[in-house]
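Asker: I'd like to ask you about the structure that follows.
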Amino acid sequence: MTREDLLRIMPAAAARADAFVGPLCAAMAEFSIDTPSRQAAFLAQIGHESRQLAALEENLNYRPQALLDTFNTRTQTRFTSEQAELYGRTPEHPADQRMIANLAYANRGGNRDAASGDGWTYRGAGLIQLTFRANHEACADHFGIARDKFGEWLRTPEGASRSAARYWSRNGLNELADAGDFVRITIRINGGLRGQSDRISLWDAARGVMGVA
């Protein structure tokens with residue numbers, strides 16, 4: 001993949017293409033994302049998750065109702081209405097993104113309680129938004145990165161690319177790409193189909209560049 005290929009898929013990435021094209025190519029080779037179908041699906045998904053390489057950490061700038069809709073389920077209340085108003089973005093105050101992360105991700109995926117600050121420390125980062133303490137530490141150990149330096153590394157072109165490719169491989173997404181099952185790829189990454197229209201637009205562009213029918 002050349003810089004020009006990358007920009008045909010992610011035209012908004014012009015300012016970042018030079019920094020990312022080499023690490024992305026190396027990461028795809030390292031984790032057997034090595035066919036046009038696999039590469040097209042991978043590039044489409046990371047393109048959406050990172051807003052075309054612009055965002056290497058999770059945006060938690062939620063309005064109160066969005067907090068309730070995004071993080072509460074039928075069986076789990078992570079935000080009360082009062083907390084959502086207090087920490088969510090309103091005309092009166094900005095979102096308290098640190099508190100949002102600490103409450104949303106408390107006691108999940110190896111994170112401790114909200115007071116520990118783990119939710120903020122291990123919030124989504126990298127090209128595929130790797131989240132939670134257990135996932136961060138396992139990835140750091142795999143690549144031989146000191147755990148206390150991993151968050152910084154995850155936000156570099158190399159770390160963002162390699163961590164995303166490792167996640168892709170470990171979660172069976174090469175095989176789903178071989179089968180052309182883009183819906184299940186999104187579900188495994190996102191837990192649902194949020195942003196699917198943008199993902200599909202990027203996938204269409206990537207398939208055109210990679211020559212996938």
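Going through the structure tokens in order, the chains are called A, B, and so on, while each chain numbers its residues from 1 and the ligands are numbered from 1 in the order shown.
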So that I can check the surroundings of Arg166 (chain A), please list as number ranges by chain every protein, DNA and RNA residue that reaches within 12 Å of it, counting only C-alpha atoms and ignoring chain neighbours fewer than 2 positions away.
Answerer: A: 24, 26-33, 42, 126-128, 130, 135-136, 138-140, 142-143, 159-164, 168-174
Asker: Rounded to one decimal, what separation in Å do you get between CA of Gly117 (chain A) and CA of Asn61 (chain A)?
Answerer: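 One can read the CA of Gly117 (chain A) to CA of Asn61 (chain A) distance as 17.5 Å.
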Asker: Please identify all polymer residues within 7 Å of Ala40 (chain A), counting only C-alpha atoms, omitting same-chain residues fewer than 6 positions from it, and present them as a list in words.
Answerer: Trp203, Ala206, Arg207 and Met210 of chain A
Asker: Store the residues picked out above in a file with all heavy atoms, as a JSON list (two decimals), in the first residue's frame.
Answerer:
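And here is the file that came out, selection-v5.json:
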[["chain", "number", "residue", "atom", "x", "y", "z"],
["A", 203, "TRP", "N", -15.11, 0.94, 3.46],
["A", 203, "TRP", "CA", -14.88, -0.40, 2.92],
["A", 203, "TRP", "C", -15.01, -0.40, 1.40],
["A", 203, "TRP", "O", -14.20, -1.00, 0.69],
["A", 203, "TRP", "CB", -15.85, -1.37, 3.57],
["A", 203, "TRP", "CG", -15.61, -2.83, 3.28],
["A", 203, "TRP", "CD1", -14.41, -3.49, 3.21],
["A", 203, "TRP", "CD2", -16.62, -3.82, 3.05],
["A", 203, "TRP", "NE1", -14.61, -4.83, 2.96],
["A", 203, "TRP", "CE2", -15.96, -5.05, 2.86],
["A", 203, "TRP", "CE3", -18.01, -3.78, 3.00],
["A", 203, "TRP", "CZ2", -16.65, -6.24, 2.61],
["A", 203, "TRP", "CZ3", -18.70, -4.96, 2.78],
["A", 203, "TRP", "CH2", -18.02, -6.18, 2.57],
["A", 206, "ALA", "N", -11.94, 1.18, 0.06],
["A", 206, "ALA", "CA", -10.78, 0.31, 0.22],
["A", 206, "ALA", "C", -10.82, -0.86, -0.75],
["A", 206, "ALA", "O", -9.80, -1.25, -1.32],
["A", 206, "ALA", "CB", -10.71, -0.19, 1.67],
["A", 207, "ARG", "N", -11.99, -1.42, -0.96],
["A", 207, "ARG", "CA", -12.10, -2.53, -1.93],
["A", 207, "ARG", "C", -11.77, -2.05, -3.33],
["A", 207, "ARG", "O", -11.12, -2.78, -4.11],
["A", 207, "ARG", "CB", -13.51, -3.13, -1.88],
["A", 207, "ARG", "CG", -13.73, -4.01, -0.66],
["A", 207, "ARG", "CD", -15.07, -4.73, -0.70],
["A", 207, "ARG", "NE", -16.18, -3.77, -0.63],
["A", 207, "ARG", "CZ", -17.44, -4.10, -0.85],
["A", 207, "ARG", "NH1", -17.78, -5.32, -1.17],
["A", 207, "ARG", "NH2", -18.39, -3.17, -0.73],
["A", 210, "MET", "N", -7.96, -1.76, -3.42],
["A", 210, "MET", "CA", -7.29, -3.06, -3.31],
["A", 210, "MET", "C", -7.68, -4.03, -4.42],
["A", 210, "MET", "O", -7.14, -5.13, -4.50],
["A", 210, "MET", "CB", -7.60, -3.69, -1.94],
["A", 210, "MET", "CG", -7.11, -2.88, -0.76],
["A", 210, "MET", "SD", -5.32, -2.69, -0.76],
["A", 210, "MET", "CE", -5.09, -1.55, 0.59]]
Asker: If you run DSSP over the backbone, which residues in region 12-207 of chain A end up helix (DSSP H, G or I)? Put them as a ChimeraX atom specification.
Answerer: /A:12-13,17-30,36-49,64-71,81-87,97-104,114-116,118-121,133-143,147-154,157-170,173-178,182-190,196-207
Asker: Pick from A:Arg123, A:Arg147, A:Arg199, A:Arg194: nearest to Ala41 (chain A), with only C-alpha atoms counted?
Answerer: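 Closest residue, counting only C-alpha atoms: A:Arg199.
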Asker: When you count only C-alpha atoms, which of these residues is closest to Ala17 (chain A): A:Gln52, A:Thr90, A:Tyr105, A:Ile46?
Answerer: A:Gln52
Asker: As a list in words, which residues of chain A does DSSP assign to strand (DSSP E or B)?
Answerer: Glu57, Thr90, His93, Ala125 and Leu130 of chain A
Asker: I need the residues from that last selection saved to file as a JSON list (two decimals), in the first residue's frame (with C-alpha atoms), if you can.
Answerer:
[["chain", "number", "residue", "atom", "x", "y", "z"],
["A", 57, "GLU", "CA", -7.84, 7.97, 21.92],
["A", 90, "THR", "CA", -24.41, 20.82, 28.70],
["A", 93, "HIS", "CA", -20.37, 23.14, 31.44],
["A", 125, "ALA", "CA", -6.74, 4.20, 22.53],
["A", 130, "LEU", "CA", -8.13, -0.81, 22.80]]
Asker: Between A:Glu58, A:Thr73, A:Glu92, A:Glu82, which one has atoms that come closest to Phe132 (chain A), using only C-alpha atoms?
Answerer: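 With only C-alpha atoms as the atom set, the closest residue is A:Glu58.
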Asker: Please indicate the distance in Å from CA of Leu56 (chain A) to CA of Gly151 (chain A), rounded to one decimal place.
Answerer: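 If I compute the distance from CA of Leu56 (chain A) to CA of Gly151 (chain A), I get 10.6 Å.
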Asker: Which residues, written as a PyMOL selection string, have at least one atom at most 8 Å from Ala104 (chain A), with only C-alpha atoms counted and residues fewer than 3 positions away on the same chain left out?
Answerer: chain A and resi 71+78-79+100-101+119
Asker: Just to be explicit: take each residue in the selection above, keep N, CA, C and O atoms, and write the result as a compact mmCIF listing (two decimals), in the first residue's frame.
Answerer:
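Just written: part-v1.txt:
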# COMPACT_ATOMS: atom_id res chain seq x y z
N PHE A 71 -24.18 3.87 27.73
CA PHE A 71 -23.55 3.03 28.75
C PHE A 71 -24.52 2.27 29.65
O PHE A 71 -24.12 1.28 30.28
N ARG A 78 -24.87 2.42 34.77
CA ARG A 78 -23.56 3.00 35.04
C ARG A 78 -23.65 4.49 35.34
O ARG A 78 -22.75 5.04 35.97
N PHE A 79 -24.71 5.12 34.86
CA PHE A 79 -24.92 6.54 35.13
C PHE A 79 -26.37 6.74 35.56
O PHE A 79 -27.29 6.31 34.86
N ILE A 100 -16.37 10.50 33.38
CA ILE A 100 -17.17 9.63 32.51
C ILE A 100 -16.45 8.31 32.29
O ILE A 100 -17.05 7.23 32.43
N ALA A 101 -15.17 8.35 31.98
CA ALA A 101 -14.41 7.12 31.77
C ALA A 101 -14.36 6.28 33.04
O ALA A 101 -14.53 5.05 33.01
N GLY A 119 -10.51 3.59 34.73
CA GLY A 119 -11.32 3.84 33.55
C GLY A 119 -10.69 4.87 32.63
O GLY A 119 -10.67 4.72 31.41
Asker: CA of Arg112 (chain A) and CA of Gln129 (chain A), how far apart in Å?
Answerer: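 Computing the Euclidean distance for CA of Gln129 (chain A) and CA of Arg112 (chain A) yields 19.3 Å.
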